[in-house]
Amino acid sequence: MKLHKTLLASTALTVAAATGAHAAGHGMADSMTLVSWGGAYQASQQNAYVAPYLEMNDGVSAAWDESSAEAVAKLRAMNEAGNVTWDLVDVVAADAIRLCDEGLAMEIDHDEVLAAAPDGTSASDDFGDLIVSDCFIPQIVYSTTFGYRTDLVPEGVAPPSKICDVFDLETYPGKRALEKRPINNMEWALLCDGVAKEDVYDVLETPEGQEKALAKLDTIKDSVIWWSAGADTPQLLADGEIFIGSTYNGRLFSVIEEQGQPVGMMWDAQVFDLDGWIVPAGLPDDRKARVMDFLKFATDTQRLADQAKYISYGPARGSSASLVGQHADLGIDMAPHMPTDPKNAANTFLYNYEFWADYRDDIDAKFQAWLAK
Amino acid sequence: MSDTTNSGPMLAADGTPLKRSLARALRRQKIRALALIAPLLIFVLVTFIAPIADMLFRSVENQIVSETLPETVEALADWDSDSGEIPPDKVFEALYIDLVIAEAEKKHTRLGTRLNYEKTGVSSLFRKSGRRVGRFDTDEYTDALTEQNPDLGAPATWAAMMEDSSVRSSLPLTTRTWDRWAAYLISDGENPAEEKLEDVLFAALYFDLRDGASPSDPRLSSLDVSNIEPVDLPASFADADKDWLDPSVWKTIQVYSPNYTSGYFLNAVDMQKGPDGAEARPENQQIYIMLFQRTLFMSLVITVSCIALGYPVAWLLANLPARTANMLMILVLLPFWTSLLVRTSAWKVMLQQQGVINDTLVWLGLVADDSRLVMINNQFGTIVAMTHILLPFMILPLYSVMQTIPETYLRAAKSLGATNWTAFWRVYFPQSVPGIGAGSILVFILSIGYYITPEIVGGTTGTFISNRIAYHISSSLNWGLAAALGSILLAVVLLLYWCYDRIVGIDNVKLGG
């Protein structure tokens with residue numbers, strides 16, 4: 001009899017708790033699983049908008065999953081298993097396009113879901129061309145660019161300032177670090193093989209153009225260390241293993257400004273890329289409502305500008321640019337460290353999503369075969 | 001004893017024949033044994049065997065093409081791919097119907113990704129065409145047909161009409177299209193009898209009527225399509241993307257239309273489907289055979305280095321006094337308890353050009369400062385790091401076997417006049433072979449599937465086939481190819497295991513005692 005009563009009581013309590021939570025969140029789930037990259041980038045998201053959001057919404061919790069690098073594969077597997085446990089996923093634009101293609105990400109009406117700029121500009125106009133897919137909500141613009149050891153520049157020679165200096169082993173001897181994939185490397189190689197910037201992708205479409213790019217890379221192949229994790233180049237630079245290497249500009253910022261290493265930036269022919277959120281397709285209504293509520297807050301003008309206090313990536317909203325201030329700890333102006341700063345952006349590329357969606361498999365097969373030779 | 005002779009079967013105490021009674025008892029025992037291991041068996045089946053089987057099955061699976069483009073696949077069957085011409089209009093009509101429905105279901109881009117593995121450019125071809133196909137001029141069919149019979153503009157009329165078996169049999173294409181469209185709406189939570197009718201339904205009806213269908217249903221019999229101007233679908237598709245006028249795109253669809261394909265396996269051995277069956281890939285794309293060979297070769301080198309380094313250590317462990325041996329054992333196990341990533345990264349610090357070893361060599365004057373040794377990001381680095389990581393897997397089985405070899409054997413051999421070497425080689429070594437066998441199998445099979453260490457320290461010449469498998473699983477999403485590569489790797493390992501069993505004998509492997 002007693003046991004029966006206890007059971008009844010606890011059931012009643014659970015029901016009460018469940019309905020209570022339900023009422024408090026207006027049909028919104030009270031927890032979210034956010035997926036990001038870990039490290040300094042995830043910390044900037046936590047500081048700029050996740051922590052403030054949780055403070056405003058009592059009783060809501062957020063868990064991080066550092067799986068962005070494998071997000072597409074994992075989401076596909078979750079979708080096949082019929083159990084998507086993520087609520088919001090941070091991915092690069094190319095992956096957002098693939099997730100949208102596969103029907104794994106939800107299509108978003110940007111103007112309806114996201115906040116307008118303070119001056120009333122609609123979200124889709126504020127983000128502009130950066131909305132590269134119907135499923136994609138851009139957060140930041142980052143770039144893949146070069147850092148070099150200032151103490152290893154040969155005497156009497158100006159520090160490297162042009163992309164082709166990477167291919168110039170005579171003037172700038174020493175090892176290089178390049179990413180172990182064709183994207184970006186092929187473009188840089190063609191650019192330094194005399195192809196005009198506007199023709200790069202027309203040339204790269206042809207097998208001859210691909211051969212040409214690989215032949216150019218061949219000239220430095222023996223001096224290249226190929227990296228696959230963004231942390232590799234900063235480590236190689238800090239150890240003095242390489243003279244110059246490509247990586248994400250935020251990583252170089254941290255090597256130069258936060259760790260004080262003798263490293264300089266070379267912004268020439270930096271390749272812009274985007275990073276942002278996608279919402280997995282098929283979320284239950286309560287979780288979706290929570291995520292949408294969070295998204296509206298986390299991608300508004302002020303929040304994106306706040307993120308730049310913690311990491312040197314440019315906010316994706318046009319209206320955020322003027323609000324970018326100083327680094328939260330170092331107290332230095334962040335604007336000159338942004339890839340989008342006019343001084344840094346004299347010569348830039350934008351990652352060509354459509355081209356690489358088509359040619360990725362083909363060129364990668366050739367690139368890997370070339371690498372292994 | 002002749003009086004007890006009995007030709008009948010021997011009986012148990014309860015009168016049943018002893019043979020049957022024994023069989024029953026044995027069966028009961030077997031069932032009980034099976035019931036005891038059942039939880040483990042089911043666990044292994046559900047969490048291990050089934051997922052692996054499912055994954056391997058993907059290496060031949062190819063339903064996506066015929067499921068997404070059923071009409072096109074059928075219409076394409078008669079097309080001669082060697083003719084050098086684009087397929088007839090009928091195929092474009094079929095593609096139009098398939099693509100409209102696939103676009104609604106958001107499947108066309110998935111198919112594009114799949115076919116892009118075989119033909120570069122198909123991915124954007126499907127993405128672009130999917131965006132455009134809803135805006136083709138096929139609304140002309142809708143307008144013309146609803147003008148002749150305004151009733152056809154009502155979804156309820158269609159829903160009722162498509163219930164009628166005589167209508168269904170006289171309008172095959174329309175029926176199939178309606179069924180797919182209705183199934184999509186229902187799965188989306190909509191009611192087909194209320195949703196807006198799409199142009200694709202009228203287009204299908206037009207195609208049926210133009211091809212001579214004569215439905216007796218009064219709602220349809222009055223329709224006359226002879227003066228409806230046909231829409232030029234090939235031109236519309238070409239307008240969306242000119243690649244539709246390229247016969248090789250159609251050929252790719254045709255070649256990969258069967259439900260099962262050998263394409264992934266061919267790709268995994270550097271071959272492809274050509275006009276006359278399988279042919280080698282262009283040389284600048286061949287990589288997998290080389291990687292398989294490299295994986296096997298390097299695993300062998302790692303196994304041999306583990307034997308060479310592990311054997312003396314195991315001998316010391318087995319022959320030193322217990323206290324010292326225990327100390328040594330902890331030293332063997334210590335790296336075993338350290339994170340794999342930490343150990344691999346430590347090797348980076350040791351071996352790199354500005355690393356500890358090079359610094360020491362330069363300081364000793366053995367190596368010039370400008371010609372430091374390259375010991376990492378190549379095969380050497382992978383072999384060193386992996387030998388270190390896998391060494392305990394060799395030492396432990398060796399040690400447990402050596403412990404069981406009595407010291408007295410060696411002493412006896414020596415007292416009979418054998419030299420140290422002869423005593424070791426003729427007496428001790430043969431008894432330790434089972435340990436070498438067990439250790440080698442462990443190390444070899446572990447290293448053949450190793451992934452993280454070659455990825456970090458392998459550079460370009462020290463990576464394994466597993467790095468490509470991981471790439472295809474998590475980056476290129478070509479799971480079919482990854483499954484084919486994985487299946488081949490599994491087959492190679494089983495084959496080697498079988499060879500080992502034939503040559504050395506698997507009974508001759510001991511993990512201990």
# chains A, B, ... in the order shown; residues from 1 in each chain; ligands from 1
>>> interface_residues(of="chain B", to="chain A", cutoff="8 Å", atoms="only C-alpha atoms", output="PyMOL selection string")
chain B and resi 106-107+109-110+116-117+120-124+127+284-287+352-354+377+459-461+473-477
>>> write_last_selection(atoms="N, CA and C atoms", output="PDB file, in the first residue's frame")
ATOM      1  N   LYS B 106      13.011  16.803 -52.126  1.00  0.00           N
ATOM      2  CA  LYS B 106      14.395  17.199 -51.818  1.00  0.00           C
ATOM      3  C   LYS B 106      15.346  16.020 -51.961  1.00  0.00           C
ATOM      4  N   LYS B 107      15.166  15.268 -53.027  1.00  0.00           N
ATOM      5  CA  LYS B 107      16.049  14.116 -53.231  1.00  0.00           C
ATOM      6  C   LYS B 107      16.993  14.333 -54.402  1.00  0.00           C
ATOM      7  N   THR B 109      19.159  16.663 -55.140  1.00  0.00           N
ATOM      8  CA  THR B 109      20.541  17.051 -54.863  1.00  0.00           C
ATOM      9  C   THR B 109      21.335  15.883 -54.295  1.00  0.00           C
ATOM     10  N   ARG B 110      20.628  15.019 -53.570  1.00  0.00           N
ATOM     11  CA  ARG B 110      21.295  13.833 -53.034  1.00  0.00           C
ATOM     12  C   ARG B 110      21.749  12.939 -54.190  1.00  0.00           C
ATOM     13  N   ASN B 116      27.831  12.562 -58.913  1.00  0.00           N
ATOM     14  CA  ASN B 116      29.031  13.377 -59.067  1.00  0.00           C
ATOM     15  C   ASN B 116      30.305  12.569 -58.771  1.00  0.00           C
ATOM     16  N   TYR B 117      30.161  11.488 -57.989  1.00  0.00           N
ATOM     17  CA  TYR B 117      31.325  10.620 -57.748  1.00  0.00           C
ATOM     18  C   TYR B 117      31.788   9.996 -59.055  1.00  0.00           C
ATOM     19  N   THR B 120      32.050  14.311 -62.905  1.00  0.00           N
ATOM     20  CA  THR B 120      32.184  15.644 -62.330  1.00  0.00           C
ATOM     21  C   THR B 120      31.194  16.611 -62.960  1.00  0.00           C
ATOM     22  N   GLY B 121      30.523  17.382 -62.131  1.00  0.00           N
ATOM     23  CA  GLY B 121      29.613  18.404 -62.637  1.00  0.00           C
ATOM     24  C   GLY B 121      28.153  18.046 -62.485  1.00  0.00           C
ATOM     25  N   VAL B 122      27.848  16.770 -62.221  1.00  0.00           N
ATOM     26  CA  VAL B 122      26.443  16.362 -62.116  1.00  0.00           C
ATOM     27  C   VAL B 122      25.796  16.981 -60.871  1.00  0.00           C
ATOM     28  N   SER B 123      26.599  17.197 -59.845  1.00  0.00           N
ATOM     29  CA  SER B 123      26.067  17.774 -58.615  1.00  0.00           C
ATOM     30  C   SER B 123      25.384  19.111 -58.878  1.00  0.00           C
ATOM     31  N   SER B 124      26.094  20.030 -59.531  1.00  0.00           N
ATOM     32  CA  SER B 124      25.479  21.339 -59.768  1.00  0.00           C
ATOM     33  C   SER B 124      24.428  21.249 -60.866  1.00  0.00           C
ATOM     34  N   ARG B 127      21.362  20.377 -58.998  1.00  0.00           N
ATOM     35  CA  ARG B 127      20.937  21.468 -58.114  1.00  0.00           C
ATOM     36  C   ARG B 127      20.308  22.597 -58.925  1.00  0.00           C
ATOM     37  N   ASN B 284      46.872   9.351 -63.429  1.00  0.00           N
ATOM     38  CA  ASN B 284      46.984  10.407 -62.414  1.00  0.00           C
ATOM     39  C   ASN B 284      45.880  10.330 -61.366  1.00  0.00           C
ATOM     40  N   GLN B 285      45.041   9.282 -61.429  1.00  0.00           N
ATOM     41  CA  GLN B 285      44.034   9.115 -60.382  1.00  0.00           C
ATOM     42  C   GLN B 285      44.197   7.803 -59.635  1.00  0.00           C
ATOM     43  N   GLN B 286      45.233   7.035 -59.985  1.00  0.00           N
ATOM     44  CA  GLN B 286      45.407   5.740 -59.331  1.00  0.00           C
ATOM     45  C   GLN B 286      46.081   5.919 -57.978  1.00  0.00           C
ATOM     46  N   ILE B 287      45.472   5.404 -56.947  1.00  0.00           N
ATOM     47  CA  ILE B 287      46.060   5.601 -55.624  1.00  0.00           C
ATOM     48  C   ILE B 287      45.794   4.426 -54.682  1.00  0.00           C
ATOM     49  N   GLN B 352      60.988  15.970 -35.070  1.00  0.00           N
ATOM     50  CA  GLN B 352      60.967  17.025 -36.086  1.00  0.00           C
ATOM     51  C   GLN B 352      62.344  17.671 -36.252  1.00  0.00           C
ATOM     52  N   GLN B 353      62.454  18.496 -37.311  1.00  0.00           N
ATOM     53  CA  GLN B 353      63.794  18.992 -37.659  1.00  0.00           C
ATOM     54  C   GLN B 353      64.363  19.913 -36.591  1.00  0.00           C
ATOM     55  N   GLN B 354      63.482  20.632 -35.894  1.00  0.00           N
ATOM     56  CA  GLN B 354      63.950  21.456 -34.773  1.00  0.00           C
ATOM     57  C   GLN B 354      63.682  20.715 -33.465  1.00  0.00           C
ATOM     58  N   ASN B 377      56.823  13.080 -40.695  1.00  0.00           N
ATOM     59  CA  ASN B 377      56.008  13.352 -41.872  1.00  0.00           C
ATOM     60  C   ASN B 377      56.465  12.503 -43.056  1.00  0.00           C
ATOM     61  N   GLY B 459      52.711  12.349 -42.937  1.00  0.00           N
ATOM     62  CA  GLY B 459      52.982  13.203 -44.088  1.00  0.00           C
ATOM     63  C   GLY B 459      52.259  12.675 -45.313  1.00  0.00           C
ATOM     64  N   THR B 460      52.989  12.591 -46.448  1.00  0.00           N
ATOM     65  CA  THR B 460      52.339  12.084 -47.652  1.00  0.00           C
ATOM     66  C   THR B 460      52.754  10.656 -47.946  1.00  0.00           C
ATOM     67  N   THR B 461      53.937  10.253 -47.500  1.00  0.00           N
ATOM     68  CA  THR B 461      54.407   8.919 -47.871  1.00  0.00           C
ATOM     69  C   THR B 461      54.135   7.894 -46.779  1.00  0.00           C
ATOM     70  N   ILE B 473      34.565   8.592 -45.403  1.00  0.00           N
ATOM     71  CA  ILE B 473      33.436   8.543 -44.470  1.00  0.00           C
ATOM     72  C   ILE B 473      33.079   9.945 -43.990  1.00  0.00           C
ATOM     73  N   SER B 474      34.091  10.723 -43.588  1.00  0.00           N
ATOM     74  CA  SER B 474      33.731  11.961 -42.906  1.00  0.00           C
ATOM     75  C   SER B 474      33.846  13.199 -43.785  1.00  0.00           C
ATOM     76  N   SER B 475      34.625  13.169 -44.854  1.00  0.00           N
ATOM     77  CA  SER B 475      34.758  14.387 -45.656  1.00  0.00           C
ATOM     78  C   SER B 475      34.034  14.309 -46.991  1.00  0.00           C
ATOM     79  N   SER B 476      34.382  13.335 -47.818  1.00  0.00           N
ATOM     80  CA  SER B 476      33.762  13.324 -49.138  1.00  0.00           C
ATOM     81  C   SER B 476      32.380  12.684 -49.088  1.00  0.00           C
ATOM     82  N   LEU B 477      32.055  11.995 -48.010  1.00  0.00           N
ATOM     83  CA  LEU B 477      30.749  11.343 -47.821  1.00  0.00           C
ATOM     84  C   LEU B 477      30.470  10.272 -48.852  1.00  0.00           C
TER      85      LEU B 477
END
>>> residues_around(residues="Pro262 (chain A)", least_positions_apart="3", cutoff="9 Å", atoms="only C-alpha atoms", output="list in words")
Tyr148, Arg149, Thr150, Asp151, Leu237, Ala238, Val255 and Ile256 of chain A
>>> write_last_selection(atoms="N, CA and C atoms", output="CSV table (one decimal), in the first residue's frame")
chain,number,residue,atom,x,y,z
A,148,TYR,N,54.3,33.9,-41.4
A,148,TYR,CA,55.7,33.6,-41.6
A,148,TYR,C,56.6,34.0,-40.4
A,149,ARG,N,57.7,33.3,-40.2
A,149,ARG,CA,58.6,33.6,-39.1
A,149,ARG,C,59.4,34.9,-39.5
A,150,THR,N,59.2,35.9,-38.7
A,150,THR,CA,59.9,37.2,-39.1
A,150,THR,C,61.4,37.0,-38.9
A,151,ASP,N,61.9,36.1,-38.0
A,151,ASP,CA,63.3,36.0,-37.7
A,151,ASP,C,64.0,35.0,-38.7
A,237,LEU,N,55.0,26.8,-36.9
A,237,LEU,CA,55.6,28.2,-36.9
A,237,LEU,C,56.3,28.4,-35.5
A,238,ALA,N,55.6,28.1,-34.4
A,238,ALA,CA,56.2,28.3,-33.1
A,238,ALA,C,57.4,27.6,-32.9
A,255,VAL,N,48.7,33.3,-32.3
A,255,VAL,CA,50.1,33.1,-32.3
A,255,VAL,C,50.9,34.4,-32.1
A,256,ILE,N,50.4,35.4,-32.9
A,256,ILE,CA,51.2,36.7,-32.9
A,256,ILE,C,50.8,37.5,-31.6
>>> closest_residue(among="B:Phe57, B:Pro397, B:Leu197, B:Asp143", to="Val313 (chain B)", atoms="only C-alpha atoms")
B:Pro397
>>> select_by_dssp(residues="region 68-313 of chain A", states="helix (DSSP H, G or I)", output="MDAnalysis selection string")
chainID A and resid 68:81 93:101 110:113 123:130 150:152 163:167 185:191 197:204 207:218 221:223 232:238 249:258 285:298 301:307
>>> residues_around(residues="Pro315 (chain A)", least_positions_apart="3", cutoff="10 Å", atoms="only C-alpha atoms", output="VMD selection string")
chain A and resid 127 138 to 142 274 299 301 to 308 312 318 to 321 323 to 324 338 340
>>> atom_distance(atom1="CA of Ala483 (chain B)", atom2="CA of Asn62 (chain B)")
12.8 Å
>>> atom_distance(atom1="CA of Ser262 (chain B)", atom2="CA of Met55 (chain B)")
15.4 Å
>>> closest_residue(among="A:Met28, A:Asp134, A:Ser36, A:Val200", to="Ser68 (chain A)", atoms="only C-alpha atoms")
A:Ser36
>>> residues_around(residues="Ala102 (chain B)", least_positions_apart="5", cutoff="12 Å", atoms="only C-alpha atoms", output="number ranges by chain")
A: 101-103; B: 64-71, 95-97, 107-112, 126-127, 129-131, 133-134, 177, 180-181, 184, 200
>>> atom_distance(atom1="CA of Gly314 (chain A)", atom2="CA of Thr233 (chain A)")
21.2 Å
>>> decode(residues="region 220-271 of chain B", atoms="C-alpha atoms", output="short mmCIF file (atom, residue, chain, number, x, y, z; two decimals), in the first residue's frame")
data_model
loop_
_atom_site.label_atom_id
_atom_site.label_comp_id
_atom_site.auth_asym_id
_atom_site.auth_seq_id
_atom_site.Cartn_x
_atom_site.Cartn_y
_atom_site.Cartn_z
CA LEU B 220 -11.50 12.87 -69.94
CA SER B 221 -12.97 11.53 -73.17
CA SER B 222 -13.79 15.01 -74.47
CA LEU B 223 -10.19 16.20 -74.20
CA ASP B 224 -8.46 16.87 -77.48
CA VAL B 225 -4.71 17.36 -77.35
CA SER B 226 -4.00 17.45 -81.08
CA ASN B 227 -3.85 21.22 -81.21
CA ILE B 228 -1.93 21.85 -77.99
CA GLU B 229 1.51 23.17 -78.83
CA PRO B 230 4.05 20.78 -77.23
CA VAL B 231 6.65 22.31 -74.92
CA ASP B 232 10.23 21.80 -76.07
CA LEU B 233 11.55 20.06 -72.95
CA PRO B 234 15.10 19.35 -74.22
CA ALA B 235 15.44 23.07 -74.91
CA SER B 236 14.04 23.92 -71.47
CA PHE B 237 16.52 21.58 -69.78
CA ALA B 238 19.38 22.88 -71.91
CA ASP B 239 18.34 26.36 -70.88
CA ALA B 240 18.64 25.36 -67.23
CA ASP B 241 22.04 23.77 -67.82
CA LYS B 242 23.66 23.05 -71.16
CA ASP B 243 25.19 19.85 -69.78
CA TRP B 244 21.88 18.09 -70.47
CA LEU B 245 22.90 18.18 -74.14
CA ASP B 246 26.04 16.21 -73.30
CA PRO B 247 25.47 12.49 -74.03
CA SER B 248 28.07 11.47 -71.43
CA VAL B 249 25.83 12.79 -68.64
CA TRP B 250 23.02 10.55 -69.86
CA LYS B 251 25.41 7.70 -70.20
CA THR B 252 26.42 8.06 -66.56
CA ILE B 253 22.77 7.89 -65.51
CA GLN B 254 22.24 4.84 -67.70
CA VAL B 255 25.37 3.01 -66.52
CA TYR B 256 24.54 3.62 -62.86
CA SER B 257 20.82 2.90 -63.07
CA PRO B 258 20.81 -0.73 -61.80
CA ASN B 259 19.99 -1.27 -58.14
CA TYR B 260 23.37 -2.80 -57.44
CA THR B 261 26.68 -1.66 -58.80
CA SER B 262 30.23 -2.88 -58.93
CA GLY B 263 31.33 0.73 -59.46
CA TYR B 264 32.55 1.31 -55.91
CA PHE B 265 34.63 -1.86 -55.89
CA LEU B 266 36.12 -1.02 -59.27
CA ASN B 267 36.98 2.43 -57.98
CA ALA B 268 38.57 0.87 -54.89
CA VAL B 269 41.03 -1.03 -57.10
CA ASP B 270 41.78 1.95 -59.36
CA MET B 271 39.42 0.92 -62.12
#
